[in-house]
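Read through the structure below, which is laid out as structure tokens, and then see the notes.
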Amino acid sequence: MVATDGKVEPGFEAVAEAFAANFERRGEHGAAVCVYAGGRPVVDLWGGPTYGPDTLQLVFSATKGMATVCVGRLVEQGRLDPEAPVAEYWAAFDAAGKAGVTVDLLLSHRAGLPAVDRALSFEDMLAWEPLVEALAEQPPLWEPGTRHGYHALTFGHLAGELVRRMSGRRIGRFFAEEVAAPLGLDAWIGLPAGEEGRVADLIPPEASPDDPMTKALADTSGLTYRAFANPPIAAARFNRPDAHAAEIPAANGITTARSLARMYAACVGEIDGVRLLAPATVELLRRSRAAGPDAVLPYDTQFGLGFQLPAPWRPFAGPGSFGHYGMGGSVGFALPEAGLALGYTIDRMQSHAGPDPRSQALIAAALACLR
């Protein structure tokens with residue numbers, strides 16, 4: 001039995017039971033979950049040998065949801081038009097057949113830029129400019145708008161460069177000032193050195209022969225491999241302090257489950273006087289723009305303007321949900337119609353030939369408590 005701790009309001013005991021069952025039956029090691037319902041926290045739990053009440057965790061692609069909130073703020077402020085060509089904001093992007101690529105296409109994984117031809121190292125990614133320059137010169141790998149494919153790593157630098165050019169601030173600073181500070185979040189894209197001691201190391205997943213991703217990554221000529229191998233994004237490298245300190249808005253957000261849930265709750269309602277996105281902006285960002293077979297991932301996906309939307313492998317809480325999962329298991333999302341926001345962080349990554357049973361158990365329990 002693994003001890004869990006935290007708070008659960010009456011009526012949400014089923015979430016605590018599901019959380020405990022994750023440790024007992026689903027291979028959990030260290031984790032936290034937080035649920036907001038009706039604008040208030042009703043579940044705030046943590047457990048495992050590596051987790052305390054304020055443990056920080058790198059959440060991989062759940063960072064894309066954090067970056068999308070930044071983009072949404074710029075759209076709401078009238079500084080970024082989803083229908084405008086990217087080159088209107090970023091002149092160097094107008095090269096190699098990308099003149100017609102709009103912000104909408106770029107942020108919904110339809111621009112054809114999930115990988116770059118220029119060989120890049122992990123250190124190049126940490127430095128920001130090499131990947132940005134490679135993306136500006138890169139020809140699309142398919143005709144933009146004709147298909148969609150997960151921009152696993154490139155999404156963050158594409159979105160982050162738009163934020164930098166339209167706000168005059170790097171995305172880490174923009175997120176800190178416009179999202180984290182107003183809500184008092186423990187969340188960063190670019191971790192301050194003084195917070196490093198609070199971060200739980202990631203435990204890379206064991207290879208699963210039944211996982212279609214394992215098979216797809218084995219094909220070194222395929223688009224899946226190209227998207228994940230250049231720059232190389234092996235999980236263990238993200239335990240390095242320099243990887244925590246850099247700004248990688250597709251993959252290195254560091255936060256708590258509590259802060260992830262609070263951020264999404266503030267996207268769909270007012271939290272302590274703060275609302276991050278107006279209802280009309282939320283509707284714009286969560287409108288489906290790409291759905292079905294993915295050109296990069298070996299399963300169907302669905303995307304809005306930056307946010308990941310429900311699909312068989314990434315179901316969230318069903319239709320209407322928006323947010324983002326992270327490689328290995330972390331997730332943050334909201335379902336406005338249910339007044340629900342949830343954040344979940346893990347240190348033991350898992351591979352599955354389907355949705356992660358740990359987060360799905362927590363989400364199902366939370367929904368059952370709301371009925």
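Order determines the names: the first chain of the structure tokens is A, the second B, and so forth; residues in each chain are numbered 1 upward, and ligands are numbered 1 upward as they are shown.
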
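All residues of protein, DNA or RNA that reach within 9 Å of A:Gly97, judged by only C-alpha atoms and not counting those fewer than 5 positions away in the chain, are Gln138, Pro139, Pro140 and Glu143 of chain A.
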
Expected answer as a VMD selection string: strand (DSSP E) residues in stretch 19-78 of chain A: chain A and resid 31 to 37 40 to 47 57 to 58

Spatial neighbours of A:Gly39, 12 Å, only C-alpha atoms, chain gap at least 5 places, as JSON, numbers by chain: {"A": [261, 262, 263, 264, 265, 266, 267, 268, 269, 270, 271, 272, 273, 274, 275, 334, 335, 336, 338, 339, 340, 341, 342]}

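The residue that comes closest to A:Asp219, out of A:Thr146, A:Pro298, A:Arg169, A:Gly47 and on the basis of only C-alpha atoms, is A:Pro298.
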
Sel. of alpha helix (DSSP H) residues, stretch 127-287 of chain A, as a PyMOL selection string: chain A and resi 127+129-137+154-167+171-175+181-183+212-218+223-229+241-245+257-268+279-286

Residue with smallest distance to A:Ile254 - pool A:Gly323, A:Gly78, A:Pro241, A:Pro85, counting only C-alpha atoms: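 Among A:Gly323, A:Gly78, A:Pro241, A:Pro85, it is A:Pro241 that comes nearest to A:Ile254.
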
Polymer residues at most 12 Å from A:Pro130, only C-alpha atoms, same-chain spacing of 2 or more positions, as a list in words: Val116, Arg118, Ala119, Leu120, Ser121, Phe122, Glu123, Asp124, Met125, Leu126, Ala127, Trp128, Val132, Glu133, Ala134, Leu135, Ala136, Glu137, Thr154, His157, Asn230 and Pro231 of chain A

Please dump the current selection as a PDB file, in the first residue's frame; keep C-alpha atoms.
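Everything below was put into selection.pdb:
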```
ATOM      1  CA  VAL A 116      13.049  19.796 -40.047  1.00  0.00           C
ATOM      2  CA  ARG A 118      18.561  20.591 -40.757  1.00  0.00           C
ATOM      3  CA  ALA A 119      20.328  18.265 -38.290  1.00  0.00           C
ATOM      4  CA  LEU A 120      19.927  19.611 -34.761  1.00  0.00           C
ATOM      5  CA  SER A 121      21.282  18.533 -31.404  1.00  0.00           C
ATOM      6  CA  PHE A 122      19.491  18.548 -28.056  1.00  0.00           C
ATOM      7  CA  GLU A 123      21.606  21.579 -27.133  1.00  0.00           C
ATOM      8  CA  ASP A 124      20.400  23.371 -30.284  1.00  0.00           C
ATOM      9  CA  MET A 125      16.855  22.965 -29.017  1.00  0.00           C
ATOM     10  CA  LEU A 126      17.792  24.436 -25.636  1.00  0.00           C
ATOM     11  CA  ALA A 127      19.311  27.451 -27.398  1.00  0.00           C
ATOM     12  CA  TRP A 128      16.001  28.363 -29.149  1.00  0.00           C
ATOM     13  CA  VAL A 132      13.453  28.651 -35.052  1.00  0.00           C
ATOM     14  CA  GLU A 133      15.830  29.326 -37.958  1.00  0.00           C
ATOM     15  CA  ALA A 134      15.428  25.750 -39.214  1.00  0.00           C
ATOM     16  CA  LEU A 135      11.646  26.125 -39.191  1.00  0.00           C
ATOM     17  CA  ALA A 136      11.775  29.412 -41.085  1.00  0.00           C
ATOM     18  CA  GLU A 137      13.802  27.834 -43.899  1.00  0.00           C
ATOM     19  CA  THR A 154       8.161  22.075 -33.434  1.00  0.00           C
ATOM     20  CA  HIS A 157       8.943  26.962 -31.042  1.00  0.00           C
ATOM     21  CA  ASN A 230      15.664  15.588 -34.644  1.00  0.00           C
ATOM     22  CA  PRO A 231      16.351  17.122 -32.185  1.00  0.00           C
TER      23      PRO A 231
END
```

Contact residues around A:Val15 with only C-alpha atoms at 6 Å, ignoring same-chain residues under 6 positions, as a list of chain:residue names: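 Those residues are A:Leu362, A:Ala365, A:Ala366.
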
For those residues, write C-alpha atoms to a file as a PDB file, in the first residue's frame.
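The resulting file, result_33.pdb, is reproduced below:
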```pdb
ATOM      1  CA  LEU A 362      -9.434   9.569 -12.354  1.00  0.00           C
ATOM      2  CA  ALA A 365     -14.430   9.054 -11.159  1.00  0.00           C
ATOM      3  CA  ALA A 366     -14.592  12.858 -11.318  1.00  0.00           C
TER       4      ALA A 366
END
```

A:Gly112 surroundings by only C-alpha atoms, 6 Å radius, close-in-sequence under 2 positions cut, as a list in words: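 My list of contacting residues is Arg110, Pro140, Leu141, Trp142 and Pro144 of chain A.
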
File of the preceding selection, N, CA and C atoms, as an mmCIF file, in the first residue's frame:
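Result file follows (again11.cif):
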```cif
data_model
loop_
_atom_site.group_PDB
_atom_site.id
_atom_site.type_symbol
_atom_site.label_atom_id
_atom_site.label_comp_id
_atom_site.auth_asym_id
_atom_site.auth_seq_id
_atom_site.Cartn_x
_atom_site.Cartn_y
_atom_site.Cartn_z
ATOM 1 N N ARG A 110 -1.472 21.541 -39.045
ATOM 2 C CA ARG A 110 -1.762 21.327 -40.467
ATOM 3 C C ARG A 110 -0.758 21.998 -41.395
ATOM 4 N N PRO A 140 7.394 22.883 -46.288
ATOM 5 C CA PRO A 140 6.399 21.991 -45.682
ATOM 6 C C PRO A 140 6.561 20.562 -46.193
ATOM 7 N N LEU A 141 6.286 19.594 -45.329
ATOM 8 C CA LEU A 141 6.412 18.189 -45.689
ATOM 9 C C LEU A 141 5.150 17.651 -46.334
ATOM 10 N N TRP A 142 4.095 18.443 -46.346
ATOM 11 C CA TRP A 142 2.910 18.184 -47.166
ATOM 12 C C TRP A 142 2.294 19.543 -47.497
ATOM 13 N N PRO A 144 0.284 22.495 -47.051
ATOM 14 C CA PRO A 144 -0.408 22.978 -45.858
ATOM 15 C C PRO A 144 -1.923 22.992 -46.023
#
```

Option closest in space to A:Phe155, from A:Gly306, A:Gly27, A:Pro49, A:Pro209 [counting only C-alpha atoms]: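 Comparing A:Gly306, A:Gly27, A:Pro49, A:Pro209 against A:Phe155, the winner is A:Gly306.
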